[in-house]
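Here's the structure we're looking at; comments come further down.
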Amino acid sequence: MNALLLDGSLATDGTGERVRAALTGQLQARGWDVEHIVLRERKIGDCAGDYLCWVRTPGVCKTDDDNRVIAAAIIASDLMVYLTPVTFGGYSSALKRMVDHQIQNISPFFTTIEGETHHQKRYEKYPDFLAVGWTDTPDPQAEAVFRHLAQRNGINFRVETRVSAVIPATQSDEDMLTSAQDWLNELQNGRSSARVELPASSVKGNGASEIRRALLLVGSPRREKSTSNSLGGHLFERLSARSIQTETIYVHTALRSAEGTPALMDAVDAADLVALAFPLYVDSLPAPVIEALERIAAHRESPQTRSQLFTAIANCGFPEALHNTTALAICETFARQARFEWAGSLSLGGGEAVNGQPLAHAGGRTIRMRKSLEMAAEALAQGQSIPAAAQDLMGKPIVPHWMYRMGGKRRWNKQAKHYGAGRLLKQRPYSATAPR
């Protein structure tokens, strides 16, 4: 039996090493072979979100770095373990950068699980899944979000047995050893962790903030050509029409230049309202967006002297907007921990229907989106939270779910045929029998 431990801890955080040691000892005592991968020491690029691992080189990421080695190791393992500090209720950016590349191990084609749209399997067998997070201080909301994220990952990665746990970073070595024994016993007995519901959202925007400057952070690698930019841009057009000064920063660009990060922090400090628009990546935010939030939170460690609002707009490639719920709960947890006032969020399913077009040019299918964003702009301009009516409008399906799934099948086949990979869509490059 093979166990793969994927460590997403920081170099300054010794908890990951302690958890890894406890798990390794217990696994080896039970006869397991154990492989450790410390992710901060590996070369893993950002996922481009171009789906070429589905349609041009099916099952293999176009980026030839350690992500391919890890993807192969995951399929070869019987147990996959995530180790990470709980980061706003989610994974660290180091772990998430690896997770984002795991879509190469699933199929682009859709199936239905418990009434929701998900992706089909690429491989017959996937490893069991253990997610272990740790916190410096107790935070029940963040812990619940973490467990919910692991639960959603377990569904989308089609694992049979899933266990998630959150421990205090101060836990003694003896208690950590006991915890490791308990986790492995649950996995051995095929007992997945109990289902977790997300905590209720608690919006703060109540009109107390004067909104004069607004900052839009676009979290898509497609930048100006993204659905995230279309949605956030339309919202900011409506804010600008209300005499609010607006600025847009593309997160992927800002993080990769020497002057970009300081400029980002200055823009955050100057804004009365910060809005984040992003695509869903594996039930959460893209790794570079998490990295940006980590930096912003560290920058804001000292108490703030004035009230600032934070809101988020998420879009996903599934027809149901509910897939964005976990990611938006992470945004809310970030807002609270980074001392913003949470002003609520908007969630769109089937975001590819926009495909980076300005909403005003995208036809009748965006009418509800535009109305939702107009309602959101009116509230946010007054320092208020996004109204439930705007959330409901944005969350309505663009097309019936069955039609979306059928159209998706045609779309993936067409794109693969374009790249000459039409007969390779279901290949399993990391299976034991696949040619090397």
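How things are named: the first chain in the structure tokens is A, the next is B, and so on; residues count from 1 in each chain; ligands count from 1 in the order shown.
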
Sort by chain and increasing residue number a table of all residues of range 65-172 of chain A within 10 Å of range 335-349 of chain A, each with its closest pair of atoms and their distance in Å to one decimal, counting only C-alpha atoms, and write it as a Markdown table.
```
| residue | atom | partner | partner_atom | distance |
| --- | --- | --- | --- | --- |
| A:Thr87 | CA | A:Gln337 | CA | 10.0 |
| A:Phe88 | CA | A:Gln337 | CA | 7.4 |
| A:Asp139 | CA | A:Gln337 | CA | 10.0 |
| A:Ala142 | CA | A:Gln337 | CA | 9.7 |
```

Please produce an output containing N, CA and C atoms for each residue in the selection, written as a compact mmCIF listing (two decimals), in the first residue's frame.
```
# COMPACT_ATOMS: atom_id res chain seq x y z
N THR A 87 -6.02 28.20 5.80
CA THR A 87 -5.82 29.53 5.25
C THR A 87 -7.17 30.12 4.84
N PHE A 88 -7.73 30.95 5.73
CA PHE A 88 -9.07 31.53 5.53
C PHE A 88 -10.12 30.44 5.36
N ASP A 139 -10.76 28.75 15.51
CA ASP A 139 -11.64 29.52 14.64
C ASP A 139 -12.69 28.56 14.07
N ALA A 142 -13.69 28.99 10.32
CA ALA A 142 -12.67 28.57 9.37
C ALA A 142 -12.53 27.05 9.34
```

Once you count only C-alpha atoms, what closest atom pair and distance in Å to one decimal does each residue of range 92-125 of chain A within 12 Å of range 294-309 of chain A have, with rows by chain and rising residue number, as JSON lines?
```
{"residue": "A:Ser92", "atom": "CA", "partner": "A:Glu294", "partner_atom": "CA", "distance": 8.5}
{"residue": "A:Ser93", "atom": "CA", "partner": "A:Glu294", "partner_atom": "CA", "distance": 8.1}
{"residue": "A:Ala94", "atom": "CA", "partner": "A:Glu294", "partner_atom": "CA", "distance": 11.0}
```

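Within range 261-427 of chain A, DSSP applied to the backbone places the following residues in strand (DSSP E): Leu273, Val274, Ala275, Leu276, Ala277, Phe278, Pro279, Leu309, Phe310, Thr311, Ala312, Ile313, Ala314, Asn315, Glu341, Trp342, Ala343, Gly344, Ser345, Leu346, Ser347 and Leu348 of chain A.
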
If you keep N, CA and C atoms, can you produce a file of those selected residues as a PDB file, in the first residue's frame?
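Okay, result-v5.pdb is ready:
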```pdb
ATOM      1  N   LEU A 273     -13.880  50.286  -0.903  1.00  0.00           N
ATOM      2  CA  LEU A 273     -14.509  49.025  -1.283  1.00  0.00           C
ATOM      3  C   LEU A 273     -13.530  48.226  -2.116  1.00  0.00           C
ATOM      4  N   VAL A 274     -13.282  46.976  -1.740  1.00  0.00           N
ATOM      5  CA  VAL A 274     -12.463  46.055  -2.535  1.00  0.00           C
ATOM      6  C   VAL A 274     -13.369  44.926  -3.006  1.00  0.00           C
ATOM      7  N   ALA A 275     -13.391  44.706  -4.325  1.00  0.00           N
ATOM      8  CA  ALA A 275     -14.189  43.627  -4.914  1.00  0.00           C
ATOM      9  C   ALA A 275     -13.253  42.647  -5.607  1.00  0.00           C
ATOM     10  N   LEU A 276     -13.450  41.362  -5.354  1.00  0.00           N
ATOM     11  CA  LEU A 276     -12.658  40.300  -5.979  1.00  0.00           C
ATOM     12  C   LEU A 276     -13.554  39.508  -6.921  1.00  0.00           C
ATOM     13  N   ALA A 277     -13.164  39.424  -8.197  1.00  0.00           N
ATOM     14  CA  ALA A 277     -13.891  38.606  -9.177  1.00  0.00           C
ATOM     15  C   ALA A 277     -12.963  37.495  -9.637  1.00  0.00           C
ATOM     16  N   PHE A 278     -13.428  36.242  -9.558  1.00  0.00           N
ATOM     17  CA  PHE A 278     -12.527  35.124  -9.833  1.00  0.00           C
ATOM     18  C   PHE A 278     -13.297  33.928 -10.370  1.00  0.00           C
ATOM     19  N   PRO A 279     -12.579  33.024 -11.101  1.00  0.00           N
ATOM     20  CA  PRO A 279     -13.181  31.764 -11.542  1.00  0.00           C
ATOM     21  C   PRO A 279     -12.956  30.691 -10.485  1.00  0.00           C
ATOM     22  N   LEU A 309     -15.040  47.926   2.925  1.00  0.00           N
ATOM     23  CA  LEU A 309     -15.891  46.804   2.535  1.00  0.00           C
ATOM     24  C   LEU A 309     -15.127  45.850   1.627  1.00  0.00           C
ATOM     25  N   PHE A 310     -15.507  44.586   1.708  1.00  0.00           N
ATOM     26  CA  PHE A 310     -14.955  43.569   0.809  1.00  0.00           C
ATOM     27  C   PHE A 310     -16.098  42.723   0.282  1.00  0.00           C
ATOM     28  N   THR A 311     -16.108  42.507  -1.034  1.00  0.00           N
ATOM     29  CA  THR A 311     -17.129  41.674  -1.667  1.00  0.00           C
ATOM     30  C   THR A 311     -16.462  40.789  -2.711  1.00  0.00           C
ATOM     31  N   ALA A 312     -17.172  39.772  -3.185  1.00  0.00           N
ATOM     32  CA  ALA A 312     -16.588  38.836  -4.144  1.00  0.00           C
ATOM     33  C   ALA A 312     -17.640  38.378  -5.146  1.00  0.00           C
ATOM     34  N   ILE A 313     -17.173  38.112  -6.369  1.00  0.00           N
ATOM     35  CA  ILE A 313     -18.010  37.562  -7.436  1.00  0.00           C
ATOM     36  C   ILE A 313     -17.308  36.322  -7.969  1.00  0.00           C
ATOM     37  N   ALA A 314     -17.947  35.172  -7.874  1.00  0.00           N
ATOM     38  CA  ALA A 314     -17.361  33.915  -8.348  1.00  0.00           C
ATOM     39  C   ALA A 314     -18.149  33.382  -9.526  1.00  0.00           C
ATOM     40  N   ASN A 315     -17.455  32.774 -10.480  1.00  0.00           N
ATOM     41  CA  ASN A 315     -18.132  32.080 -11.579  1.00  0.00           C
ATOM     42  C   ASN A 315     -17.476  30.732 -11.785  1.00  0.00           C
ATOM     43  N   GLU A 341     -14.999  44.649   6.318  1.00  0.00           N
ATOM     44  CA  GLU A 341     -16.412  44.380   6.539  1.00  0.00           C
ATOM     45  C   GLU A 341     -16.922  43.589   5.335  1.00  0.00           C
ATOM     46  N   TRP A 342     -17.494  42.429   5.590  1.00  0.00           N
ATOM     47  CA  TRP A 342     -17.991  41.574   4.515  1.00  0.00           C
ATOM     48  C   TRP A 342     -19.314  42.121   4.004  1.00  0.00           C
ATOM     49  N   ALA A 343     -19.359  42.384   2.686  1.00  0.00           N
ATOM     50  CA  ALA A 343     -20.546  42.979   2.080  1.00  0.00           C
ATOM     51  C   ALA A 343     -21.308  41.977   1.217  1.00  0.00           C
ATOM     52  N   GLY A 344     -21.054  40.675   1.401  1.00  0.00           N
ATOM     53  CA  GLY A 344     -21.781  39.670   0.636  1.00  0.00           C
ATOM     54  C   GLY A 344     -21.128  39.381  -0.706  1.00  0.00           C
ATOM     55  N   SER A 345     -21.788  38.546  -1.502  1.00  0.00           N
ATOM     56  CA  SER A 345     -21.164  38.057  -2.734  1.00  0.00           C
ATOM     57  C   SER A 345     -22.218  37.739  -3.781  1.00  0.00           C
ATOM     58  N   LEU A 346     -21.717  37.474  -5.003  1.00  0.00           N
ATOM     59  CA  LEU A 346     -22.544  37.025  -6.116  1.00  0.00           C
ATOM     60  C   LEU A 346     -21.930  35.758  -6.693  1.00  0.00           C
ATOM     61  N   SER A 347     -22.773  34.850  -7.160  1.00  0.00           N
ATOM     62  CA  SER A 347     -22.321  33.545  -7.625  1.00  0.00           C
ATOM     63  C   SER A 347     -22.994  33.203  -8.943  1.00  0.00           C
ATOM     64  N   LEU A 348     -22.176  32.897  -9.967  1.00  0.00           N
ATOM     65  CA  LEU A 348     -22.686  32.586 -11.304  1.00  0.00           C
ATOM     66  C   LEU A 348     -22.267  31.189 -11.714  1.00  0.00           C
TER      67      LEU A 348
END
```

For range 128-194 of chain A against range 62-75 of chain A, with a cut-off of 12 Å and counting only C-alpha atoms, what is the closest atom pair and its distance in Å to one decimal for every residue that makes the cut, ordered by chain and number, as a Markdown table?
```
| residue | atom | partner | partner_atom | distance |
| --- | --- | --- | --- | --- |
| A:Asp128 | CA | A:Ile74 | CA | 10.1 |
| A:Phe129 | CA | A:Ile74 | CA | 10.3 |
| A:Phe157 | CA | A:Ile75 | CA | 11.0 |
| A:Arg158 | CA | A:Ile75 | CA | 12.0 |
| A:Val159 | CA | A:Ile75 | CA | 11.4 |
```

task = Would you list the contacts of range 254-271 of chain A as an MDAnalysis selection string, taking every protein, DNA or RNA residue within 7 Å and counting only C-alpha atoms, but skipping same-chain residues closer than 4 positions in sequence?
result = chainID A and resid 213:215 250 296

Just C-alpha atoms for this one: save the residues we selected as a compact mmCIF listing (two decimals), in the first residue's frame.
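Output saved as again15.txt:
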```txt
# COMPACT_ATOMS: atom_id res chain seq x y z
CA ARG A 213 -12.85 54.75 -4.11
CA ALA A 214 -13.34 51.16 -5.26
CA LEU A 215 -10.75 48.58 -6.24
CA TYR A 250 -5.12 41.85 -12.44
CA ILE A 296 -3.01 41.32 1.90
```

query = Which polymer residues have any atom within 8 Å of an atom of range 117-119 of chain A, counting only C-alpha atoms, with same-chain residues fewer than 5 positions away left out, as a ChimeraX atom specification?
reply = /A:106-112,156,318-320,401,405

File of the preceding selection, N, CA and C atoms, as a PDB file, in the first residue's frame:
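Result saved to part.pdb:
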```pdb
ATOM      1  N   ILE A 106      -8.952  13.925 -14.007  1.00  0.00           N
ATOM      2  CA  ILE A 106     -10.365  13.626 -14.176  1.00  0.00           C
ATOM      3  C   ILE A 106     -10.772  13.928 -15.614  1.00  0.00           C
ATOM      4  N   SER A 107     -11.961  13.519 -15.978  1.00  0.00           N
ATOM      5  CA  SER A 107     -12.446  13.674 -17.345  1.00  0.00           C
ATOM      6  C   SER A 107     -13.189  15.002 -17.505  1.00  0.00           C
ATOM      7  N   PRO A 108     -13.161  15.594 -18.690  1.00  0.00           N
ATOM      8  CA  PRO A 108     -13.947  16.798 -18.906  1.00  0.00           C
ATOM      9  C   PRO A 108     -15.447  16.530 -18.977  1.00  0.00           C
ATOM     10  N   PHE A 109     -15.832  15.288 -19.289  1.00  0.00           N
ATOM     11  CA  PHE A 109     -17.243  14.990 -19.491  1.00  0.00           C
ATOM     12  C   PHE A 109     -18.003  15.006 -18.168  1.00  0.00           C
ATOM     13  N   PHE A 110     -19.274  15.354 -18.254  1.00  0.00           N
ATOM     14  CA  PHE A 110     -20.087  15.549 -17.059  1.00  0.00           C
ATOM     15  C   PHE A 110     -20.846  14.293 -16.662  1.00  0.00           C
ATOM     16  N   THR A 111     -21.146  14.223 -15.391  1.00  0.00           N
ATOM     17  CA  THR A 111     -22.048  13.229 -14.843  1.00  0.00           C
ATOM     18  C   THR A 111     -22.852  13.912 -13.747  1.00  0.00           C
ATOM     19  N   THR A 112     -23.800  13.185 -13.165  1.00  0.00           N
ATOM     20  CA  THR A 112     -24.622  13.746 -12.097  1.00  0.00           C
ATOM     21  C   THR A 112     -24.404  12.942 -10.822  1.00  0.00           C
ATOM     22  N   ASN A 156     -15.514  15.644  -6.039  1.00  0.00           N
ATOM     23  CA  ASN A 156     -15.026  15.934  -7.381  1.00  0.00           C
ATOM     24  C   ASN A 156     -13.851  15.060  -7.791  1.00  0.00           C
ATOM     25  N   PHE A 318     -19.556  24.818 -13.993  1.00  0.00           N
ATOM     26  CA  PHE A 318     -20.718  23.962 -13.788  1.00  0.00           C
ATOM     27  C   PHE A 318     -21.981  24.800 -13.945  1.00  0.00           C
ATOM     28  N   PRO A 319     -23.096  24.218 -14.347  1.00  0.00           N
ATOM     29  CA  PRO A 319     -24.309  25.019 -14.522  1.00  0.00           C
ATOM     30  C   PRO A 319     -24.897  25.516 -13.207  1.00  0.00           C
ATOM     31  N   GLU A 320     -24.603  24.812 -12.096  1.00  0.00           N
ATOM     32  CA  GLU A 320     -25.162  25.205 -10.803  1.00  0.00           C
ATOM     33  C   GLU A 320     -24.214  26.166 -10.087  1.00  0.00           C
ATOM     34  N   HIS A 401     -29.920  22.430 -16.728  1.00  0.00           N
ATOM     35  CA  HIS A 401     -28.710  21.657 -16.423  1.00  0.00           C
ATOM     36  C   HIS A 401     -28.464  20.547 -17.441  1.00  0.00           C
ATOM     37  N   ARG A 405     -25.077  20.084 -19.805  1.00  0.00           N
ATOM     38  CA  ARG A 405     -24.234  18.893 -19.831  1.00  0.00           C
ATOM     39  C   ARG A 405     -24.113  18.328 -21.243  1.00  0.00           C
TER      40      ARG A 405
END
```

12 Å contact set for Leu79 in chain A, only C-alpha atoms, chain neighbours under 4 positions out, as a PyMOL selection string = chain A and resi 1-6+23+27+32-35+73-75+125-131+159-163+183-184+187-188

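CA of Ile211 in chain A is positioned 15.9 Å from CA of Thr248 in chain A.
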
ask   = What's the 12 Å shell around His252 in chain A, counting only C-alpha atoms, without same-chain residues fewer than 3 positions away, as an NGL selection string?
value = :A and (45-48 or 217-224 or 249 or 255-257 or 260-261 or 264 or 278 or 286-292)

task = Check the DSSP output for the backbone and give back, as an NGL selection string, the residues of range 27-265 of chain A in alpha helix (DSSP H).
result = :A and (27-29 or 52-55 or 66-76 or 93-100 or 140-156 or 173-188 or 227-240 or 251-255 or 260-265)

key: Who sits within 9 Å of Leu393 in chain A, only C-alpha atoms, same chain under 5 positions skipped, as a count of residues only   = 5

task = Using only C-alpha atoms, pick whichever of A:Glu247, A:Asp173, A:Glu210, A:Glu237 has the shortest atom-to-atom distance to Gly383 in chain A.
result = A:Glu210

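Rounded to one decimal, CA of Pro429 in chain A and CA of Glu124 in chain A lie 12.6 Å from each other.
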
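The space between CA of Ala362 in chain A and CA of Pro400 in chain A spans 18.6 Å.
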
inquiry  = Here is a test: counting only C-alpha atoms, which residue of A:Thr253, A:Thr325, A:Gln181, A:Gln104 is nearest to Arg30 in chain A?
reply    = A:Gln181

query = From the set A:Tyr404, A:Phe334, A:Tyr430, A:Trp54, which residue has the shortest atom-to-atom contact distance to Ala353 in chain A, counting only C-alpha atoms?
reply = A:Tyr404
